[in-house]
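To be precise, the following lines are data-v6.tsv, and they hold TSV, C-alpha atoms.
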```tsv
chain	number	residue	atom	x	y	z
A	29	MET	CA	6.37	-21.36	-5.34
A	30	ALA	CA	9.50	-22.75	-3.73
A	31	PRO	CA	9.13	-26.08	-1.93
A	32	TYR	CA	8.92	-26.09	1.84
A	33	GLU	CA	11.28	-28.11	3.97
A	34	SER	CA	8.37	-28.57	6.36
A	35	ASP	CA	5.67	-26.50	8.02
A	36	ARG	CA	8.38	-24.89	10.15
A	37	THR	CA	9.63	-22.35	7.67
A	38	ALA	CA	9.08	-20.99	4.25
A	39	GLY	CA	10.05	-17.79	2.56
A	40	ALA	CA	8.19	-14.74	1.53
A	41	GLN	CA	10.43	-12.24	-0.01
A	42	GLY	CA	7.19	-10.31	-0.19
A	43	LEU	CA	7.40	-7.52	2.34
A	44	PRO	CA	9.58	-5.74	0.80
A	45	ASP	CA	9.75	-6.47	-2.72
A	46	GLU	CA	10.16	-2.69	-2.25
A	47	ALA	CA	11.05	-1.81	-5.83
A	48	ASP	CA	7.45	-1.65	-7.05
A	49	ASP	CA	6.00	-0.29	-3.83
A	50	VAL	CA	8.39	2.62	-3.37
A	51	ARG	CA	7.79	3.76	-6.96
A	52	ALA	CA	4.29	4.85	-5.96
A	53	GLY	CA	5.77	7.57	-3.72
A	54	ARG	CA	8.82	8.66	-5.71
A	55	ARG	CA	7.40	11.62	-7.60
A	56	LYS	CA	5.98	13.05	-4.39
A	57	ALA	CA	9.38	12.59	-2.71
A	58	ALA	CA	10.99	14.69	-5.43
A	59	ARG	CA	8.34	17.40	-5.07
A	60	TYR	CA	8.09	17.67	-1.30
A	61	VAL	CA	11.50	16.32	-0.34
A	62	VAL	CA	10.86	14.99	3.16
A	63	PRO	CA	8.10	13.95	5.45
A	64	VAL	CA	5.87	13.48	2.45
A	65	ALA	CA	8.54	11.20	0.98
A	66	VAL	CA	8.14	9.07	4.06
A	67	VAL	CA	4.34	9.30	3.88
A	68	GLY	CA	4.35	8.20	0.24
A	69	VAL	CA	6.55	5.18	0.95
A	70	ALA	CA	4.49	4.37	4.03
A	71	ALA	CA	1.25	4.54	2.10
A	72	ALA	CA	2.55	2.11	-0.47
A	73	THR	CA	3.76	-0.10	2.33
A	74	ILE	CA	0.18	-0.63	3.48
A	75	GLY	CA	0.28	-3.41	0.93
A	76	LEU	CA	2.78	-5.26	3.07
A	77	VAL	CA	1.18	-5.60	6.49
A	78	PRO	CA	0.21	-8.21	9.24
A	79	ALA	CA	-2.54	-8.57	11.89
A	80	LEU	CA	-3.70	-10.58	14.83
A	81	ALA	CA	-7.00	-12.28	14.05
A	82	ASP	CA	-10.22	-11.81	16.01
A	83	SER	CA	-11.13	-13.84	19.06
A	84	GLY	CA	-12.44	-17.34	18.67
A	85	ASP	CA	-10.76	-20.67	18.14
A	86	PRO	CA	-12.81	-22.82	15.77
A	87	SER	CA	-11.91	-26.46	15.34
A	88	LEU	CA	-10.64	-26.92	11.79
A	89	PRO	CA	-8.74	-29.69	9.99
A	90	LYS	CA	-4.94	-29.47	10.23
A	91	ILE	CA	-3.25	-27.68	7.35
A	92	THR	CA	0.37	-26.87	6.52
A	93	ALA	CA	1.69	-23.41	5.66
A	94	GLU	CA	2.32	-24.52	2.09
A	95	GLN	CA	-1.24	-25.82	1.74
A	96	LEU	CA	-2.66	-22.61	3.19
A	97	ILE	CA	-0.66	-20.40	0.80
A	98	GLU	CA	-1.81	-22.59	-2.09
A	99	LYS	CA	-5.38	-22.19	-0.84
A	100	ILE	CA	-5.00	-18.40	-1.05
A	101	ALA	CA	-3.49	-18.65	-4.53
A	102	LYS	CA	-6.27	-20.90	-5.81
A	103	SER	CA	-9.08	-18.81	-4.36
A	104	ASP	CA	-11.34	-17.89	-7.26
A	105	VAL	CA	-13.97	-15.78	-5.49
A	106	GLN	CA	-15.30	-13.31	-8.07
A	107	GLN	CA	-18.24	-11.90	-6.15
A	108	LEU	CA	-18.29	-10.40	-2.69
A	109	SER	CA	-19.36	-7.41	-0.67
A	110	GLY	CA	-18.42	-6.28	2.79
A	111	THR	CA	-17.00	-3.70	5.16
A	112	VAL	CA	-13.31	-3.44	5.98
A	113	LYS	CA	-11.85	-1.58	8.94
A	114	VAL	CA	-8.37	-0.21	8.24
A	115	SER	CA	-6.29	1.17	11.13
A	116	THR	CA	-2.83	2.60	10.50
A	117	ASP	CA	-0.40	3.80	13.15
A	118	LEU	CA	2.89	4.70	11.49
A	119	GLY	CA	3.88	7.06	14.28
A	120	LEU	CA	4.24	10.06	11.96
A	121	PRO	CA	5.14	13.31	13.74
A	122	SER	CA	2.49	16.02	13.92
A	123	LEU	CA	3.40	18.93	11.67
A	124	GLY	CA	0.41	21.15	12.43
A	125	GLY	CA	-0.50	23.57	9.63
A	126	LEU	CA	2.58	22.63	7.62
A	127	GLU	CA	1.54	18.96	7.62
A	128	SER	CA	-1.96	19.88	6.48
A	129	GLY	CA	-0.66	22.01	3.66
A	130	MET	CA	1.81	19.44	2.37
A	131	LEU	CA	-0.62	16.53	2.59
A	132	SER	CA	-3.22	18.64	0.82
A	133	GLY	CA	-0.76	19.07	-2.03
A	134	ALA	CA	0.22	15.42	-1.95
A	135	THR	CA	-3.36	14.24	-2.24
A	136	LYS	CA	-4.32	16.61	-5.04
A	137	GLY	CA	-4.41	14.65	-8.25
A	138	SER	CA	-2.12	15.34	-11.19
A	139	ASP	CA	-5.15	16.65	-13.12
A	140	GLY	CA	-6.12	19.07	-10.33
A	141	SER	CA	-9.06	17.00	-9.04
A	142	SER	CA	-9.42	16.04	-5.38
A	143	ALA	CA	-11.21	12.91	-6.62
A	144	ASP	CA	-8.23	11.59	-8.63
A	145	PRO	CA	-7.52	8.12	-7.14
A	146	GLN	CA	-3.83	8.37	-8.04
A	147	SER	CA	-3.25	10.22	-4.77
A	148	LYS	CA	-6.52	10.19	-2.85
A	149	LEU	CA	-6.05	6.72	-1.37
A	150	MET	CA	-2.83	7.87	0.30
A	151	GLU	CA	-5.10	9.15	3.04
A	152	LEU	CA	-5.43	5.55	4.21
A	153	ALA	CA	-1.84	5.86	5.45
A	154	SER	CA	-2.95	7.29	8.79
A	155	GLY	CA	-5.77	6.88	11.28
A	156	THR	CA	-8.73	4.52	11.23
A	157	HIS	CA	-11.02	4.25	8.21
A	158	THR	CA	-14.11	2.29	7.28
A	159	VAL	CA	-14.04	0.97	3.72
A	160	ARG	CA	-16.92	-0.69	1.89
A	161	VAL	CA	-15.98	-3.01	-0.95
A	162	ALA	CA	-17.94	-4.87	-3.61
A	163	ALA	CA	-16.90	-6.92	-6.63
A	164	ASP	CA	-18.61	-8.83	-9.41
A	165	GLY	CA	-15.93	-10.28	-11.66
A	166	PRO	CA	-12.86	-8.48	-13.04
A	167	ASP	CA	-14.81	-5.61	-14.66
A	168	LYS	CA	-17.03	-4.50	-11.78
A	169	ALA	CA	-15.68	-3.23	-8.49
A	170	LYS	CA	-16.46	-0.51	-5.99
A	171	VAL	CA	-14.41	0.80	-3.07
A	172	SER	CA	-15.87	3.48	-0.79
A	173	VAL	CA	-13.98	5.20	2.03
A	174	LEU	CA	-16.49	6.48	4.59
A	175	GLU	CA	-15.64	9.72	6.38
A	176	ASN	CA	-17.52	12.02	8.74
A	177	ALA	CA	-20.58	13.09	6.75
A	178	ALA	CA	-18.64	12.39	3.54
A	179	GLU	CA	-17.66	9.52	1.26
A	180	TYR	CA	-15.02	8.87	-1.37
A	181	SER	CA	-15.79	6.15	-3.91
A	182	ILE	CA	-14.05	4.51	-6.85
A	183	ILE	CA	-16.40	2.64	-9.19
A	184	HIS	CA	-15.11	0.43	-11.99
A	185	ASN	CA	-17.83	-0.71	-14.38
A	186	GLY	CA	-16.80	-2.14	-17.73
A	187	ASN	CA	-14.66	0.41	-19.56
A	188	ASP	CA	-15.42	3.25	-17.13
A	189	VAL	CA	-13.60	4.15	-13.93
A	190	TRP	CA	-15.33	6.82	-11.86
A	191	ALA	CA	-14.11	8.42	-8.64
A	192	TYR	CA	-16.31	10.72	-6.55
A	193	ASP	CA	-15.39	12.88	-3.57
A	194	SER	CA	-18.63	13.96	-1.91
A	195	LYS	CA	-16.82	16.41	0.36
A	196	SER	CA	-15.65	18.58	-2.56
A	197	ASN	CA	-18.40	17.39	-4.94
A	198	GLU	CA	-15.74	16.53	-7.52
A	199	VAL	CA	-15.75	13.63	-9.98
A	200	TYR	CA	-12.81	12.05	-11.80
A	201	HIS	CA	-13.46	9.87	-14.85
A	202	SER	CA	-11.14	7.74	-16.93
A	203	THR	CA	-11.59	4.79	-19.22
A	204	ALA	CA	-9.99	1.37	-19.21
A	205	PRO	CA	-9.96	-1.28	-21.93
A	206	ALA	CA	-12.07	-4.36	-21.32
A	207	ALA	CA	-10.25	-6.65	-18.92
A	208	GLU	CA	-8.16	-9.30	-20.55
A	209	LYS	CA	-8.61	-12.83	-19.31
A	210	GLY	CA	-6.97	-13.30	-15.96
A	211	GLN	CA	-6.32	-9.61	-15.42
A	212	GLU	CA	-8.03	-7.28	-12.98
A	213	LYS	CA	-8.56	-3.68	-13.98
A	214	ALA	CA	-9.51	-2.00	-10.71
A	215	PRO	CA	-7.23	0.88	-9.64
A	216	LYS	CA	-4.17	-0.34	-7.74
A	217	ASP	CA	-2.77	2.85	-6.21
A	218	VAL	CA	-2.96	1.54	-2.65
A	219	PRO	CA	-4.16	-1.93	-1.62
A	220	THR	CA	-7.45	-1.60	0.25
A	221	THR	CA	-8.52	-5.17	1.05
A	222	PRO	CA	-6.91	-8.03	3.01
A	223	LYS	CA	-6.67	-10.00	-0.26
A	224	GLU	CA	-4.62	-7.27	-1.97
A	225	LEU	CA	-2.40	-6.94	1.11
A	226	ALA	CA	-1.81	-10.69	1.27
A	227	ASP	CA	-1.01	-10.85	-2.45
A	228	GLU	CA	1.73	-8.25	-1.90
A	229	ALA	CA	3.23	-10.10	1.06
A	230	LEU	CA	3.17	-13.50	-0.68
A	231	LYS	CA	4.53	-12.53	-4.09
A	232	SER	CA	7.41	-14.93	-3.71
A	233	VAL	CA	8.80	-17.51	-1.34
A	234	ASP	CA	12.42	-18.01	-0.36
A	235	ASP	CA	14.65	-18.57	2.65
A	236	THR	CA	14.38	-15.02	4.05
A	237	THR	CA	11.15	-15.74	5.91
A	238	SER	CA	9.57	-18.10	8.41
A	239	VAL	CA	5.98	-18.99	7.49
A	240	THR	CA	3.82	-21.15	9.77
A	241	VAL	CA	0.17	-21.81	10.59
A	242	ASP	CA	-0.56	-20.22	13.96
A	243	GLY	CA	-3.90	-21.71	14.91
A	244	THR	CA	-7.40	-20.62	13.97
A	245	ALA	CA	-9.77	-17.72	14.59
A	246	GLN	CA	-13.12	-16.25	13.65
A	247	VAL	CA	-13.22	-13.10	11.52
A	248	ALA	CA	-16.48	-11.43	10.49
A	249	GLY	CA	-18.29	-14.51	11.75
A	250	ARG	CA	-16.31	-16.91	9.54
A	251	ASP	CA	-13.86	-19.66	10.49
A	252	ALA	CA	-10.31	-18.87	9.49
A	253	TYR	CA	-6.74	-20.15	9.68
A	254	LYS	CA	-3.96	-17.79	10.82
A	255	LEU	CA	-0.87	-17.63	8.62
A	256	LEU	CA	2.10	-16.22	10.57
A	257	ILE	CA	4.91	-14.58	8.59
A	258	LYS	CA	8.18	-13.48	10.21
A	259	PRO	CA	11.40	-12.17	8.67
A	260	LYS	CA	14.59	-14.11	9.39
A	261	GLN	CA	16.86	-11.28	8.28
A	262	SER	CA	18.31	-8.72	10.65
A	263	GLY	CA	17.83	-5.03	10.01
A	264	SER	CA	14.10	-5.22	9.21
A	265	THR	CA	11.61	-3.13	11.18
A	266	VAL	CA	8.91	-5.75	10.64
A	267	GLY	CA	8.12	-7.99	13.60
A	268	ALA	CA	5.40	-10.26	12.24
A	269	ILE	CA	2.50	-10.46	9.82
A	270	THR	CA	-0.62	-12.47	10.50
A	271	VAL	CA	-3.09	-13.19	7.71
A	272	ALA	CA	-6.46	-14.69	8.67
A	273	VAL	CA	-7.55	-16.89	5.75
A	274	ASP	CA	-11.17	-17.96	5.24
A	275	ALA	CA	-11.23	-21.72	5.75
A	276	LYS	CA	-13.87	-22.29	3.08
A	277	THR	CA	-12.97	-19.89	0.26
A	278	GLY	CA	-9.27	-19.18	0.83
A	279	VAL	CA	-9.93	-15.43	0.81
A	280	PRO	CA	-7.77	-13.42	3.26
A	281	LEU	CA	-10.13	-11.85	5.78
A	282	LYS	CA	-7.71	-9.93	7.95
A	283	PHE	CA	-4.17	-8.65	7.61
A	284	THR	CA	-2.07	-7.05	10.38
A	285	LEU	CA	1.53	-5.92	10.73
A	286	VAL	CA	3.29	-5.69	14.07
A	287	PRO	CA	6.62	-3.79	14.16
A	288	LYS	CA	9.76	-5.27	15.68
A	289	SER	CA	9.75	-2.39	18.16
A	290	GLY	CA	6.52	-3.73	19.66
A	291	GLY	CA	3.34	-1.93	20.63
A	292	ALA	CA	0.16	-1.59	18.59
A	293	ALA	CA	-0.03	-2.90	15.04
A	294	VAL	CA	1.27	-0.56	12.36
A	295	VAL	CA	-1.56	-1.65	10.08
A	296	ASP	CA	-4.62	-3.73	10.87
A	297	ALA	CA	-7.02	-4.28	7.95
A	298	GLY	CA	-9.85	-6.75	8.25
A	299	PHE	CA	-13.43	-7.46	7.29
A	300	THR	CA	-16.02	-6.70	9.93
A	301	GLN	CA	-18.76	-7.96	7.57
A	302	VAL	CA	-18.43	-10.02	4.40
A	303	ALA	CA	-20.74	-11.94	2.07
A	304	PHE	CA	-19.71	-14.04	-0.93
A	305	ALA	CA	-22.74	-13.36	-3.09
A	306	LYS	CA	-23.44	-11.37	-6.25
A	307	PRO	CA	-23.90	-7.67	-5.38
A	308	ALA	CA	-26.88	-5.84	-6.87
A	309	ALA	CA	-26.12	-4.55	-10.37
A	310	SER	CA	-27.01	-1.02	-9.24
A	311	THR	CA	-24.00	-1.09	-6.88
A	312	PHE	CA	-21.76	-0.29	-9.84
A	313	ASP	CA	-23.96	2.38	-11.47
A	314	PHE	CA	-22.74	5.96	-11.27
A	315	THR	CA	-23.98	9.28	-12.65
A	316	PRO	CA	-22.19	12.52	-11.68
A	317	PRO	CA	-24.36	14.46	-9.21
A	318	LYS	CA	-25.86	17.74	-10.36
A	319	GLY	CA	-23.40	20.58	-10.03
A	320	ALA	CA	-20.38	18.34	-9.55
A	321	LYS	CA	-17.09	19.31	-11.17
A	322	VAL	CA	-16.08	16.51	-13.57
A	323	THR	CA	-12.44	16.03	-14.58
A	324	GLU	CA	-11.69	13.72	-17.49
A	325	GLY	CA	-8.51	11.66	-17.47
A	326	LYS	CA	-6.09	12.55	-20.26
A	327	ASP	CA	-6.61	9.13	-21.80
A	328	GLY	CA	-10.38	9.40	-21.82
A	329	LYS	CA	-10.72	9.04	-25.61
A	330	ASP	CA	-7.61	7.07	-26.48
A	331	THR	CA	-7.62	3.96	-24.31
A	332	LYS	CA	-8.04	1.14	-26.84
A	333	ASP	CA	-4.34	0.49	-26.93
A	334	SER	CA	-3.55	1.45	-23.35
A	335	LYS	CA	-2.96	-1.03	-20.57
A	336	ALA	CA	-4.31	0.94	-17.63
A	337	PRO	CA	-6.27	4.08	-16.69
A	338	GLU	CA	-4.41	7.38	-16.83
A	339	SER	CA	-4.76	7.56	-13.06
A	340	ALA	CA	-2.19	4.78	-12.80
A	341	PRO	CA	1.09	6.21	-14.13
A	342	SER	CA	3.32	3.99	-16.20
A	343	ARG	CA	6.68	2.73	-14.98
A	344	GLY	CA	8.36	5.00	-17.49
A	345	ASP	CA	6.54	8.07	-16.17
A	346	LEU	CA	7.51	7.20	-12.62
A	347	GLY	CA	11.16	7.32	-13.55
A	348	LYS	CA	11.06	10.83	-15.03
A	349	GLY	CA	13.06	13.40	-13.11
A	350	LEU	CA	14.89	10.75	-11.07
A	351	ASP	CA	18.28	9.21	-11.58
A	352	GLY	CA	16.79	5.73	-11.82
A	353	LEU	CA	15.51	3.57	-8.99
A	354	LYS	CA	17.92	1.00	-7.62
A	355	THR	CA	17.41	-1.64	-4.98
A	356	ILE	CA	19.96	-2.75	-2.42
A	357	GLY	CA	19.70	-6.13	-0.73
A	358	LYS	CA	16.82	-8.57	-0.98
A	359	GLY	CA	13.78	-9.80	0.86
A	360	TRP	CA	12.81	-7.97	4.03
A	361	SER	CA	16.06	-5.98	4.05
A	362	THR	CA	15.53	-4.44	0.61
A	363	ILE	CA	16.34	-0.73	0.41
A	364	ALA	CA	15.23	1.51	-2.45
A	365	GLU	CA	17.75	4.09	-3.61
A	366	PHE	CA	16.90	6.99	-5.89
A	367	ASP	CA	17.93	10.56	-6.65
A	368	THR	CA	15.45	13.42	-6.27
A	369	GLY	CA	17.47	15.43	-8.74
A	370	GLY	CA	17.93	18.24	-6.26
A	371	GLN	CA	19.38	19.12	-2.90
A	372	GLY	CA	18.28	17.38	0.25
A	373	ILE	CA	17.56	19.02	3.59
A	374	PRO	CA	20.54	21.15	4.68
A	375	SER	CA	21.85	19.69	7.92
A	376	GLY	CA	23.25	22.95	9.22
A	377	SER	CA	21.41	25.99	10.51
A	378	SER	CA	17.92	26.85	9.33
A	379	SER	CA	19.35	29.82	7.45
A	380	GLU	CA	20.78	27.41	4.87
A	381	GLY	CA	17.34	26.32	3.76
A	382	GLY	CA	14.96	28.80	5.31
A	383	ASP	CA	12.60	28.42	8.26
A	384	VAL	CA	10.75	25.48	6.71
A	385	SER	CA	13.95	23.54	6.07
A	386	GLY	CA	15.10	24.24	9.60
A	387	PHE	CA	11.80	23.00	11.01
A	388	LEU	CA	11.76	19.83	8.91
A	389	ASN	CA	15.40	19.29	9.76
A	390	SER	CA	14.51	19.25	13.46
A	391	LEU	CA	12.14	16.33	12.94
A	392	GLY	CA	14.81	13.89	11.78
A	393	ASP	CA	18.03	12.39	13.11
A	394	HIS	CA	21.22	13.83	11.62
A	395	VAL	CA	23.78	11.30	10.45
A	396	LYS	CA	27.19	11.39	8.79
A	397	GLY	CA	29.21	8.90	6.78
A	398	LYS	CA	31.10	8.37	3.55
A	399	PHE	CA	28.10	9.96	1.81
A	400	GLY	CA	28.62	13.19	3.74
A	401	SER	CA	25.70	14.36	5.87
A	402	GLY	CA	22.04	13.51	5.83
A	403	THR	CA	18.83	13.24	7.82
A	404	VAL	CA	16.86	10.10	8.69
A	405	PHE	CA	13.08	10.50	8.90
A	406	SER	CA	11.40	7.65	10.70
A	407	THR	CA	8.03	5.99	11.12
A	408	ARG	CA	7.33	2.83	13.09
A	409	LEU	CA	7.76	0.83	9.88
A	410	VAL	CA	9.43	2.76	7.06
A	411	ASN	CA	12.58	4.84	7.44
A	412	ALA	CA	14.10	7.17	4.86
A	413	LEU	CA	17.59	8.68	4.74
A	414	ILE	CA	17.86	11.84	2.65
A	415	THR	CA	21.43	12.93	2.04
A	416	ASP	CA	22.40	16.55	1.56
A	417	ASP	CA	23.04	15.91	-2.15
A	418	GLY	CA	19.45	14.72	-2.72
A	419	LYS	CA	19.92	10.94	-2.61
A	420	VAL	CA	17.16	8.97	-0.87
A	421	TYR	CA	17.47	5.55	0.75
A	422	ALA	CA	14.17	4.11	2.02
A	423	GLY	CA	12.78	0.84	3.25
A	424	ALA	CA	11.24	-1.10	6.11
A	425	VAL	CA	14.67	-1.26	7.71
A	426	THR	CA	16.48	0.33	10.64
A	427	LYS	CA	18.37	3.62	10.58
A	428	ASP	CA	21.68	1.77	10.87
A	429	ALA	CA	20.81	-0.32	7.80
A	430	LEU	CA	20.13	2.84	5.77
A	431	VAL	CA	23.41	4.46	6.82
A	432	LYS	CA	25.31	1.27	5.97
A	433	ALA	CA	23.67	1.15	2.51
A	434	ALA	CA	24.46	4.82	1.84
A	435	ASN	CA	28.09	4.30	2.86
A	436	ALA	CA	28.41	1.29	0.58
A	437	ALA	CA	26.99	3.28	-2.34
A	438	HIS	CA	29.70	5.95	-2.08
```
Would you give me this structure, written as structure tokens?
Amino acid sequence: MAPYESDRTAGAQGLPDEADDVRAGRRKAARYVVPVAVVGVAAATIGLVPALADSGDPSLPKITAEQLIEKIAKSDVQQLSGTVKVSTDLGLPSLGGLESGMLSGATKGSDGSSADPQSKLMELASGTHTVRVAADGPDKAKVSVLENAAEYSIIHNGNDVWAYDSKSNEVYHSTAPAAEKGQEKAPKDVPTTPKELADEALKSVDDTTSVTVDGTAQVAGRDAYKLLIKPKQSGSTVGAITVAVDAKTGVPLKFTLVPKSGGAAVVDAGFTQVAFAKPAASTFDFTPPKGAKVTEGKDGKDTKDSKAPESAPSRGDLGKGLDGLKTIGKGWSTIAEFDTGGQGIPSGSSSEGGDVSGFLNSLGDHVKGKFGSGTVFSTRLVNALITDDGKVYAGAVTKDALVKAANAAH
């Protein structure tokens, strides 16, 4: 970690270290071309959010930003259970039946199972969700997303990773090698806890960010410090990130991102209940319910030499069909550039691409430059420029920043 000049500022290149995060949505971008490209990037960006902590102002010893970040890094909590409320307001346009059809395709796993975690957790990219989490060391974890009269759970127990969608009564199973020392083996498709979100935002420290301690709060009945993270760079759509850090354990309890445009938080993820005690062993037991459709991951019998479950595609796989992922800029102004390998959305009349293309075209802002023509699809956090020749420029940056990057690339 880079040294701090003082408690005034520090850097966190974190929000976007976009290269890794955008990869999670690239294959879907190539398949669905637009709004789903934005949805995929936005889902991955959940791992990069901020939040205002709950009410309460406990009296705690003074601490510097550097000390608080070190406290997070040194946190060694292995056992916990609790409930997390995740609210996401990306400002995505309503697409009616078309939206439902495309998102249904986007969330269907590569093996044809609605329970495949590779895509299922993308649903956290919109609305408000209640998530129950439990962990007992690196080889036992459970994450359950509670829905109306339904539940989706991922259970990691030893070498087995199970996912169950009660709504469709489908089960997805894959195997993972025993966790190596210091490595976690739970699925990492989309961060689901404040700790995972904070880890993404604090991957590195440099001079692109101001990091300060912004008082104290109470979250889930526990005293916490508030770590305030703000980008110094222009062009970013991020206003501020606040991470509420448990004063005793160093575990992030709440994580919220406020956009530069103002208004409600884009993402607010925080514990409403939490306990740092060993969960019951039965928490991690799972047997497929009677009559459930069970889909086995392709690596189910050959995982001794693999590094991760089949549900988590390798970096090499993610690059297939694309003309390589490139990044432009650094820190909060990072832009991911990649080629879908096909044509973008025609910017002329709907007859050029059919009724669907014309409809999708109407949702974005048409732009022109050295790159020719293109369309910018926007959320409150992530914007994506898709040029007519199939190039995509995406990031938590403004429309003008995307156009400038596309011009510079041509």
Q: Would you list the contacts of Val173 of chain A as an NGL selection string, taking every protein, DNA or RNA residue within 8 Å and counting only C-alpha atoms, but skipping same-chain residues closer than 4 positions in sequence?
A: :A and (157-160 or 179-181)
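In terms of minimum interatomic distance to Glu94 of chain A, A:Leu256 ranks closest within A:Leu256, A:Leu152, A:Val171, A:Ala204, counting all atoms listed in the file.
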Q: For Ala248 of chain A, work out the shell of residues within 9 Å, counting only C-alpha atoms and skipping chain neighbours fewer than 4 positions away, then give it as a VMD selection string.
A: chain A and resid 82 281 298 to 302
Q | Gap from atom CA of Thr284 of chain A to atom CA of Val189 of chain A - Å, one decimal | A | 29.1 Å
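Our summary of the geometry notes that atom CA of Asp428 of chain A is positioned 14.6 Å from atom CA of Ser289 of chain A.
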Q. Which residues, written as a VMD selection string, have at least one atom at most 10 Å from Gln95 of chain A, with only C-alpha atoms counted and residues fewer than 5 positions away on the same chain left out?
A. chain A and resid 35 90 100 to 101 241
Let's have the selection written as a short mmCIF file (atom, residue, chain, number, x, y, z; two decimals), in the coordinates of the input, with C-alpha atoms.
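Written file, out_20.cif:
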```
data_model
loop_
_atom_site.label_atom_id
_atom_site.label_comp_id
_atom_site.auth_asym_id
_atom_site.auth_seq_id
_atom_site.Cartn_x
_atom_site.Cartn_y
_atom_site.Cartn_z
CA ASP A 35 5.67 -26.50 8.02
CA LYS A 90 -4.94 -29.47 10.23
CA ILE A 100 -5.00 -18.40 -1.05
CA ALA A 101 -3.49 -18.65 -4.53
CA VAL A 241 0.17 -21.81 10.59
#
```
Q: Record the distance separating atom CA of Val247 of chain A and atom CA of Asp274 of chain A, expressed in Å with one decimal.
A: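 Between atom CA of Val247 of chain A and atom CA of Asp274 of chain A the gap works out to 8.2 Å.
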**Q.** Selected residue, from A:Thr203, A:Ser406, A:Asn185, A:Thr265, that lies nearest to Asp313 of chain A when counting all atoms listed in the file
**A.**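 Going through A:Thr203, A:Ser406, A:Asn185, A:Thr265 one by one, the smallest distance to Asp313 of chain A is for A:Asn185.
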Q) Counting only C-alpha atoms, what is within 6 Å of segment 397-402 of chain A, bar same-chain residues fewer than 3 positions away, as a count of residues only? A) 6
Q: Around the point (-15.8, -6.2, -8.7) in the file's coordinates, collect all residues with an atom within 9 Å, using only C-alpha atoms, and return them as JSON, numbers by chain.
A: {"A": [106, 107, 108, 109, 161, 162, 163, 164, 165, 166, 167, 168, 169, 170, 183, 184, 185, 212, 214, 307, 312]}
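In this comparison, which uses only C-alpha atoms, the residue of A:Thr111, A:Lys288, A:Gly119, A:Val431 approaching Ala303 of chain A most closely is A:Thr111.
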Where's the centre, and what are the edge lengths in Å to one decimal, of a box along x, y and z enclosing all listed atoms of segment 302-313 of chain A padded 3 Å per side, as AutoDock Vina command-line options?
```
--center_x -22.7 --center_y -5.8 --center_z -3.5 --size_x 14.6 --size_y 22.4 --size_z 21.9
```
**Q.** Minimum-distance residue to Ala320 of chain A, chosen among A:Val273, A:Ile363, A:Ala143, A:Leu96 (using all atoms listed in the file)
**A.** A:Ala143
